[in-house]
Amino acid sequence: MRRVNDDRPGQPGQPDAPDVPPEAWSGVHRGVLREGEWVRLVDAKGRKHNFELVAGKRFFSNKGHLDHDELIGREEGFTVTSSAGGEYLVFRPLLSEFVVSMPRGAAVVYPKDSAQIVAMADIFPGAHVVEAGVGSGALTCSLLRAVGPHGRVSSYEVREEFAEVAQRNVRQFFGAEEGRDHPAWHLTIGDLAAELPASGERCDRIILDMLAPWDCLDAVGEALRPGGIVCAYVATTTQLSRFAEAVRLHGGFTEPHAWESLVRDWHLEGLAVRPSHAMNGHTAFLITARRMAPGQRPPLKKRRPAPGAYGPDYTGPRPPGVPAPPPEADGAPGTDG
Ligand SMILES: C[S@@+](CC[C@H](N)C(=O)[O-])C[C@H]1O[C@@H](n2cnc3c(N)ncnc32)[C@H](O)[C@@H]1O
């Protein structure tokens with residue numbers, strides 16, 4: 001056996017290793033459970049309890065109580081029994097578990113969608129990412145983990161009370177001391193459409209999770225580097241359509257690509273191997289487009305729009321090359337009147 005790159009410079013333990021250890025600011029903690037960390041207890045019925053470990057404190061449930069001191073100082077991945085005989089599995093929460101159990105101001109991006117955003121919006125270590133709104137900070141945690149301590153996530157949120165919730169959640173996930181944030185995180189209170197141009201930021205990726213992402217497209221176009229990606233996360237088909245048409249109308253982006261992800265759990269028991277009965281049927285749609293170089297336009301679509309796509313009932317913006325239909329005369333054949 002020959003190890004190829006174990007002793008290259010820059011590896012931990014080597015003389016010129018970077019001063020940031022690889023797991024720093026990942027939100028992952030190793031070693032024994034310590035006071036101040038969060039743990040996740042799961043009972044025999046799958047019920048979950050997340051809480052912060054505090055020496056001398058007690059956790060209560062319908063199965064009696066447990067002293068936090070019984071958990072502090074142990075390696076995660078064990079079972080404890082409460083005073084009334086309830087068995088609990090003890091681990092530190094994963095990022096995907098943390099974001100669905102943390103306190104919320106606004107609705108969060110679910111882990112299946114954060115994973116899609118990180119992959120399809122091509123978030124990379126060292127990237128400069130802009131996101132709005134921050135909401136509860138769920139997506140922020142995934143973005144920060146993906147860019148790492150040497151990247152930059154600039155988050156914009158109009159509602160100060162949501163930004164405060166997000167700041168608490170992000171600090172908690174990354175185990176930041178009070179008053180300290182992830183070194184790559186820059187949080188601004190304000191409307192992205194106004195604040196991003198004012199900041200003069202140039203970035204690689206922009207993620208929009210808000211009611212009206214089309215209102216921010218001019219600011220996005222200014223800030224995104226050529227080749228950069230804008231990705232919007234929208235809950236309804238009407239938002240999806242409006243964003244797609246606004247992207248086309250802007251003219252400085254490639255043809256938008258839209259999709260959704262459906263994740264179905266499976267039940268595995270002997271011969272009973274089947275999809276689980278329950279699933280998260282709908283969270284939101286994702287749509288991406290890439291920024292063209294200054295002054296460049298994407299080629300006009302060669303295909304003609306589907307019949308009726310931009311017919312008389314369509315009231316949104318029209319992409320270049322798609323004229324408005326002539327107004328139909330009252331009582332003309334084919335009209336309702
Ligand atoms: C659904 S929440 C975002 C959830 C967040 N992505 C998460 O995973 O926790 C939408 C947020 O966008 C904020 N928002 C809406 N329009 C905005 C704008 N133009 N600029 C900044 N924030 C905005 C809202 O206040 C709200 O907190």
# chains A, B, ... in the order shown; residues from 1 in each chain; ligands from 1
$ closest_atom_pairs --of "chain A" --to "ligand 1" --cutoff "9 Å" --atoms "only C-alpha atoms and all ligand atoms" --output "tab-separated table"
residue	atom	partner	partner_atom_place_in_ligand_line	distance
A:Val99	CA	ligand 1	9 (O)	8.1
A:Arg104	CA	ligand 1	9 (O)	7.5
A:Gly105	CA	ligand 1	27 (O)	7.2
A:Ala106	CA	ligand 1	2 (S)	4.9
A:Ala107	CA	ligand 1	1 (C)	4.8
A:Val108	CA	ligand 1	8 (O)	3.8
A:Val109	CA	ligand 1	8 (O)	3.9
A:Tyr110	CA	ligand 1	8 (O)	7.2
A:Ser114	CA	ligand 1	8 (O)	8.1
A:Glu131	CA	ligand 1	6 (N)	7.9
A:Ala132	CA	ligand 1	21 (C)	4.8
A:Gly133	CA	ligand 1	12 (O)	3.3
A:Val134	CA	ligand 1	5 (C)	4.7
A:Gly135	CA	ligand 1	27 (O)	3.5
A:Ser136	CA	ligand 1	9 (O)	3.7
A:Gly137	CA	ligand 1	9 (O)	4.1
A:Ala138	CA	ligand 1	8 (O)	3.8
A:Leu139	CA	ligand 1	8 (O)	4.0
A:Thr140	CA	ligand 1	8 (O)	6.6
A:Cys141	CA	ligand 1	8 (O)	8.4
A:Ser155	CA	ligand 1	21 (C)	8.2
A:Tyr156	CA	ligand 1	21 (C)	4.9
A:Glu157	CA	ligand 1	22 (N)	3.7
A:Val158	CA	ligand 1	22 (N)	4.3
A:Arg159	CA	ligand 1	25 (O)	4.9
A:Glu160	CA	ligand 1	25 (O)	8.3
A:Glu161	CA	ligand 1	27 (O)	8.8
A:Phe162	CA	ligand 1	27 (O)	5.7
A:Ala163	CA	ligand 1	27 (O)	7.6
A:Ala166	CA	ligand 1	9 (O)	7.2
A:Thr188	CA	ligand 1	21 (C)	8.7
A:Ile189	CA	ligand 1	21 (C)	7.5
A:Gly190	CA	ligand 1	21 (C)	5.8
A:Asp191	CA	ligand 1	20 (N)	3.6
A:Leu192	CA	ligand 1	20 (N)	4.0
A:Ala193	CA	ligand 1	19 (N)	5.7
A:Ala194	CA	ligand 1	19 (N)	8.1
A:Glu195	CA	ligand 1	20 (N)	8.3
A:Ile207	CA	ligand 1	6 (N)	8.7
A:Leu208	CA	ligand 1	6 (N)	7.8
A:Asp209	CA	ligand 1	3 (C)	5.2
A:Met210	CA	ligand 1	12 (O)	4.3
A:Leu211	CA	ligand 1	15 (C)	5.8
A:Ala212	CA	ligand 1	16 (N)	6.5
A:Pro213	CA	ligand 1	19 (N)	7.2
A:Asp215	CA	ligand 1	19 (N)	7.3
A:Cys216	CA	ligand 1	19 (N)	6.6
A:Tyr233	CA	ligand 1	6 (N)	8.5
A:Val234	CA	ligand 1	1 (C)	8.8
$ residues_around --residues "Pro256 in chain A" --least-positions-apart "3" --cutoff "7 Å" --atoms "only C-alpha atoms" --output "list in words"
Ala244, Ile287, Thr288 and Ala289 of chain A
$ closest_residue --among "A:Val4, A:Val170, A:Val129, A:Val90" --to "Glu201 in chain A" --atoms "only C-alpha atoms"
A:Val129
$ residues_around --residues "Glu37 in chain A" --least-positions-apart "5" --cutoff "9 Å" --atoms "only C-alpha atoms" --output "mmCIF file with N, CA and C atoms, in the first residue's frame"
data_model
loop_
_atom_site.group_PDB
_atom_site.id
_atom_site.type_symbol
_atom_site.label_atom_id
_atom_site.label_comp_id
_atom_site.auth_asym_id
_atom_site.auth_seq_id
_atom_site.Cartn_x
_atom_site.Cartn_y
_atom_site.Cartn_z
ATOM 1 N N HIS A 29 -19.323 18.806 15.991
ATOM 2 C CA HIS A 29 -18.475 18.782 17.178
ATOM 3 C C HIS A 29 -18.095 17.340 17.468
ATOM 4 N N PHE A 51 -32.342 19.627 23.275
ATOM 5 C CA PHE A 51 -32.114 20.614 24.343
ATOM 6 C C PHE A 51 -30.629 20.840 24.568
ATOM 7 N N GLU A 52 -30.371 21.978 25.234
ATOM 8 C CA GLU A 52 -28.997 22.363 25.532
ATOM 9 C C GLU A 52 -28.582 21.698 26.838
ATOM 10 N N LEU A 53 -27.386 21.164 26.871
ATOM 11 C CA LEU A 53 -26.886 20.511 28.089
ATOM 12 C C LEU A 53 -26.439 21.555 29.106
ATOM 13 N N VAL A 54 -27.033 21.496 30.280
ATOM 14 C CA VAL A 54 -26.679 22.426 31.364
ATOM 15 C C VAL A 54 -26.417 21.588 32.618
ATOM 16 N N ARG A 92 -25.733 14.063 18.948
ATOM 17 C CA ARG A 92 -25.793 15.490 18.613
ATOM 18 C C ARG A 92 -26.682 15.610 17.375
ATOM 19 N N GLN A 172 -26.090 29.152 17.306
ATOM 20 C CA GLN A 172 -26.256 27.892 18.034
ATOM 21 C C GLN A 172 -25.729 26.719 17.204
ATOM 22 N N GLY A 175 -22.027 26.691 17.049
ATOM 23 C CA GLY A 175 -21.384 26.684 18.363
ATOM 24 C C GLY A 175 -20.573 27.940 18.600
#
$ select_by_dssp --residues "range 58-182 of chain A" --states "helix (DSSP H, G or I)" --output "PyMOL selection string"
chain A and resi 68-70+95-101+111-120+138-147+160-174
$ write_last_selection --atoms "N, CA and C atoms" --output "compact mmCIF listing (two decimals), in the first residue's frame"
# COMPACT_ATOMS: atom_id res chain seq x y z
N HIS A 68 -29.08 15.99 33.16
CA HIS A 68 -28.13 16.33 32.09
C HIS A 68 -26.74 15.79 32.42
N ASP A 69 -26.41 15.75 33.73
CA ASP A 69 -25.08 15.28 34.14
C ASP A 69 -24.82 13.84 33.72
N GLU A 70 -25.92 13.07 33.48
CA GLU A 70 -25.74 11.69 33.01
C GLU A 70 -25.26 11.65 31.55
N LEU A 95 -27.18 18.72 10.91
CA LEU A 95 -27.70 19.97 10.35
C LEU A 95 -29.15 19.78 9.89
N SER A 96 -29.43 18.66 9.20
CA SER A 96 -30.78 18.42 8.67
C SER A 96 -31.80 18.25 9.80
N GLU A 97 -31.34 17.80 10.96
CA GLU A 97 -32.25 17.64 12.11
C GLU A 97 -32.41 18.95 12.86
N PHE A 98 -31.32 19.69 12.93
CA PHE A 98 -31.33 20.96 13.67
C PHE A 98 -32.31 21.95 13.03
N VAL A 99 -32.25 22.09 11.69
CA VAL A 99 -33.04 23.16 11.05
C VAL A 99 -34.55 22.91 11.13
N VAL A 100 -34.96 21.66 11.27
CA VAL A 100 -36.41 21.43 11.36
C VAL A 100 -36.90 21.46 12.80
N SER A 101 -35.98 21.60 13.76
CA SER A 101 -36.42 21.64 15.16
C SER A 101 -36.08 22.97 15.83
N PRO A 111 -34.46 20.54 4.43
CA PRO A 111 -33.15 19.98 4.08
C PRO A 111 -33.08 19.40 2.66
N LYS A 112 -34.17 18.79 2.18
CA LYS A 112 -34.10 18.23 0.82
C LYS A 112 -33.87 19.35 -0.20
N ASP A 113 -34.42 20.53 0.07
CA ASP A 113 -34.28 21.66 -0.86
C ASP A 113 -32.95 22.38 -0.67
N SER A 114 -32.48 22.47 0.60
CA SER A 114 -31.15 23.08 0.82
C SER A 114 -30.10 22.26 0.07
N ALA A 115 -30.27 20.93 0.10
CA ALA A 115 -29.30 20.06 -0.58
C ALA A 115 -29.33 20.33 -2.09
N GLN A 116 -30.53 20.51 -2.64
CA GLN A 116 -30.66 20.82 -4.06
C GLN A 116 -30.02 22.17 -4.38
N ILE A 117 -30.25 23.14 -3.49
CA ILE A 117 -29.70 24.48 -3.73
C ILE A 117 -28.18 24.43 -3.72
N VAL A 118 -27.62 23.75 -2.72
CA VAL A 118 -26.15 23.67 -2.64
C VAL A 118 -25.59 22.99 -3.89
N ALA A 119 -26.27 21.92 -4.34
CA ALA A 119 -25.75 21.18 -5.50
C ALA A 119 -26.01 21.92 -6.81
N MET A 120 -27.25 22.34 -7.03
CA MET A 120 -27.62 22.87 -8.35
C MET A 120 -27.24 24.34 -8.53
N ALA A 138 -32.21 28.82 8.30
CA ALA A 138 -31.97 27.40 7.96
C ALA A 138 -31.05 27.29 6.75
N LEU A 139 -31.42 27.96 5.66
CA LEU A 139 -30.58 27.88 4.47
C LEU A 139 -29.20 28.48 4.73
N THR A 140 -29.17 29.53 5.54
CA THR A 140 -27.90 30.18 5.87
C THR A 140 -26.90 29.16 6.41
N CYS A 141 -27.38 28.26 7.29
CA CYS A 141 -26.47 27.24 7.86
C CYS A 141 -25.87 26.38 6.76
N SER A 142 -26.70 25.94 5.79
CA SER A 142 -26.17 25.11 4.70
C SER A 142 -25.20 25.88 3.82
N LEU A 143 -25.53 27.16 3.57
CA LEU A 143 -24.65 27.96 2.71
C LEU A 143 -23.30 28.19 3.38
N LEU A 144 -23.35 28.50 4.69
CA LEU A 144 -22.10 28.75 5.42
C LEU A 144 -21.24 27.50 5.47
N ARG A 145 -21.90 26.37 5.66
CA ARG A 145 -21.13 25.13 5.71
C ARG A 145 -20.47 24.86 4.36
N ALA A 146 -21.22 25.17 3.27
CA ALA A 146 -20.69 24.88 1.94
C ALA A 146 -19.56 25.84 1.54
N VAL A 147 -19.67 27.13 1.91
CA VAL A 147 -18.60 28.06 1.50
C VAL A 147 -17.39 27.96 2.42
N GLU A 160 -36.30 42.81 11.11
CA GLU A 160 -35.27 42.73 12.14
C GLU A 160 -35.53 41.57 13.10
N GLU A 161 -36.82 41.33 13.44
CA GLU A 161 -37.12 40.28 14.41
C GLU A 161 -36.78 38.89 13.85
N PHE A 162 -36.91 38.72 12.52
CA PHE A 162 -36.52 37.45 11.92
C PHE A 162 -35.00 37.32 11.90
N ALA A 163 -34.34 38.43 11.62
CA ALA A 163 -32.87 38.40 11.59
C ALA A 163 -32.32 38.00 12.96
N GLU A 164 -32.99 38.46 14.01
CA GLU A 164 -32.53 38.10 15.37
C GLU A 164 -32.69 36.61 15.63
N VAL A 165 -33.83 36.06 15.19
CA VAL A 165 -34.04 34.60 15.35
C VAL A 165 -32.97 33.85 14.57
N ALA A 166 -32.74 34.31 13.32
CA ALA A 166 -31.74 33.63 12.48
C ALA A 166 -30.36 33.69 13.12
N GLN A 167 -30.01 34.85 13.68
CA GLN A 167 -28.68 34.99 14.27
C GLN A 167 -28.51 34.02 15.44
N ARG A 168 -29.56 33.90 16.25
CA ARG A 168 -29.47 32.96 17.39
C ARG A 168 -29.32 31.53 16.87
N ASN A 169 -30.11 31.18 15.84
CA ASN A 169 -30.06 29.81 15.32
C ASN A 169 -28.70 29.49 14.69
N VAL A 170 -28.19 30.43 13.91
CA VAL A 170 -26.91 30.18 13.21
C VAL A 170 -25.78 30.08 14.24
N ARG A 171 -25.81 30.97 15.25
CA ARG A 171 -24.78 30.90 16.30
C ARG A 171 -24.86 29.56 17.02
N GLN A 172 -26.09 29.15 17.31
CA GLN A 172 -26.26 27.89 18.03
C GLN A 172 -25.73 26.72 17.20
N PHE A 173 -26.09 26.71 15.91
CA PHE A 173 -25.66 25.57 15.10
C PHE A 173 -24.14 25.48 14.99
N PHE A 174 -23.50 26.63 14.80
CA PHE A 174 -22.04 26.60 14.62
C PHE A 174 -21.28 26.66 15.95
$ closest_residue --among "A:Val322, A:Arg291, A:Leu249, A:Val220" --to "Pro305 in chain A" --atoms "only C-alpha atoms"
A:Val322
$ select_by_dssp --residues "range 3-218 of chain A" --states "strand (DSSP E or B)" --output "ChimeraX atom specification"
/A:32,38-43,48-52,58-61,64-67,75,78-81,87-91,128-132,152-157,185-189,203-208
$ residues_around --residues "range 258-268 of chain A" --least-positions-apart "2" --cutoff "9 Å" --atoms "only C-alpha atoms" --output "PDB file with C-alpha atoms, in the first residue's frame"
ATOM      1  CA  LYS A 112     -34.096  18.230   0.816  1.00  0.00           C
ATOM      2  CA  ASP A 113     -34.279  21.657  -0.860  1.00  0.00           C
ATOM      3  CA  GLN A 116     -30.658  20.817  -4.063  1.00  0.00           C
ATOM      4  CA  LEU A 240     -42.569  30.444 -10.548  1.00  0.00           C
ATOM      5  CA  ALA A 244     -39.273  32.945 -15.163  1.00  0.00           C
ATOM      6  CA  PRO A 256     -34.356  29.652 -16.676  1.00  0.00           C
ATOM      7  CA  GLY A 270     -38.525  -8.215   6.511  1.00  0.00           C
ATOM      8  CA  LEU A 271     -40.565  -8.687   3.345  1.00  0.00           C
ATOM      9  CA  ALA A 272     -42.496  -5.461   3.923  1.00  0.00           C
ATOM     10  CA  VAL A 273     -40.281  -3.231   1.824  1.00  0.00           C
ATOM     11  CA  ARG A 274     -42.341  -0.382   0.388  1.00  0.00           C
ATOM     12  CA  PRO A 275     -42.571   3.406   0.185  1.00  0.00           C
ATOM     13  CA  SER A 276     -43.710   4.938   3.444  1.00  0.00           C
ATOM     14  CA  HIS A 277     -47.332   6.104   3.509  1.00  0.00           C
ATOM     15  CA  ALA A 278     -46.542   9.670   4.540  1.00  0.00           C
ATOM     16  CA  MET A 279     -44.439  12.129   2.588  1.00  0.00           C
ATOM     17  CA  ASN A 280     -43.827  15.855   2.310  1.00  0.00           C
ATOM     18  CA  GLY A 281     -45.866  16.324  -0.868  1.00  0.00           C
ATOM     19  CA  HIS A 282     -44.888  19.935  -1.547  1.00  0.00           C
ATOM     20  CA  THR A 283     -42.372  22.386  -0.192  1.00  0.00           C
ATOM     21  CA  ALA A 284     -41.444  24.764  -3.036  1.00  0.00           C
ATOM     22  CA  PHE A 285     -40.125  24.999  -6.600  1.00  0.00           C
ATOM     23  CA  LEU A 286     -36.576  25.874  -7.553  1.00  0.00           C
ATOM     24  CA  ILE A 287     -35.555  27.916 -10.563  1.00  0.00           C
ATOM     25  CA  THR A 288     -32.051  28.870 -11.704  1.00  0.00           C
TER      26      THR A 288
END
$ closest_residue --among "A:Gly321, A:Gly316, A:Pro327, A:Tyr88" --to "Arg304 in chain A" --atoms "only C-alpha atoms"
A:Gly321
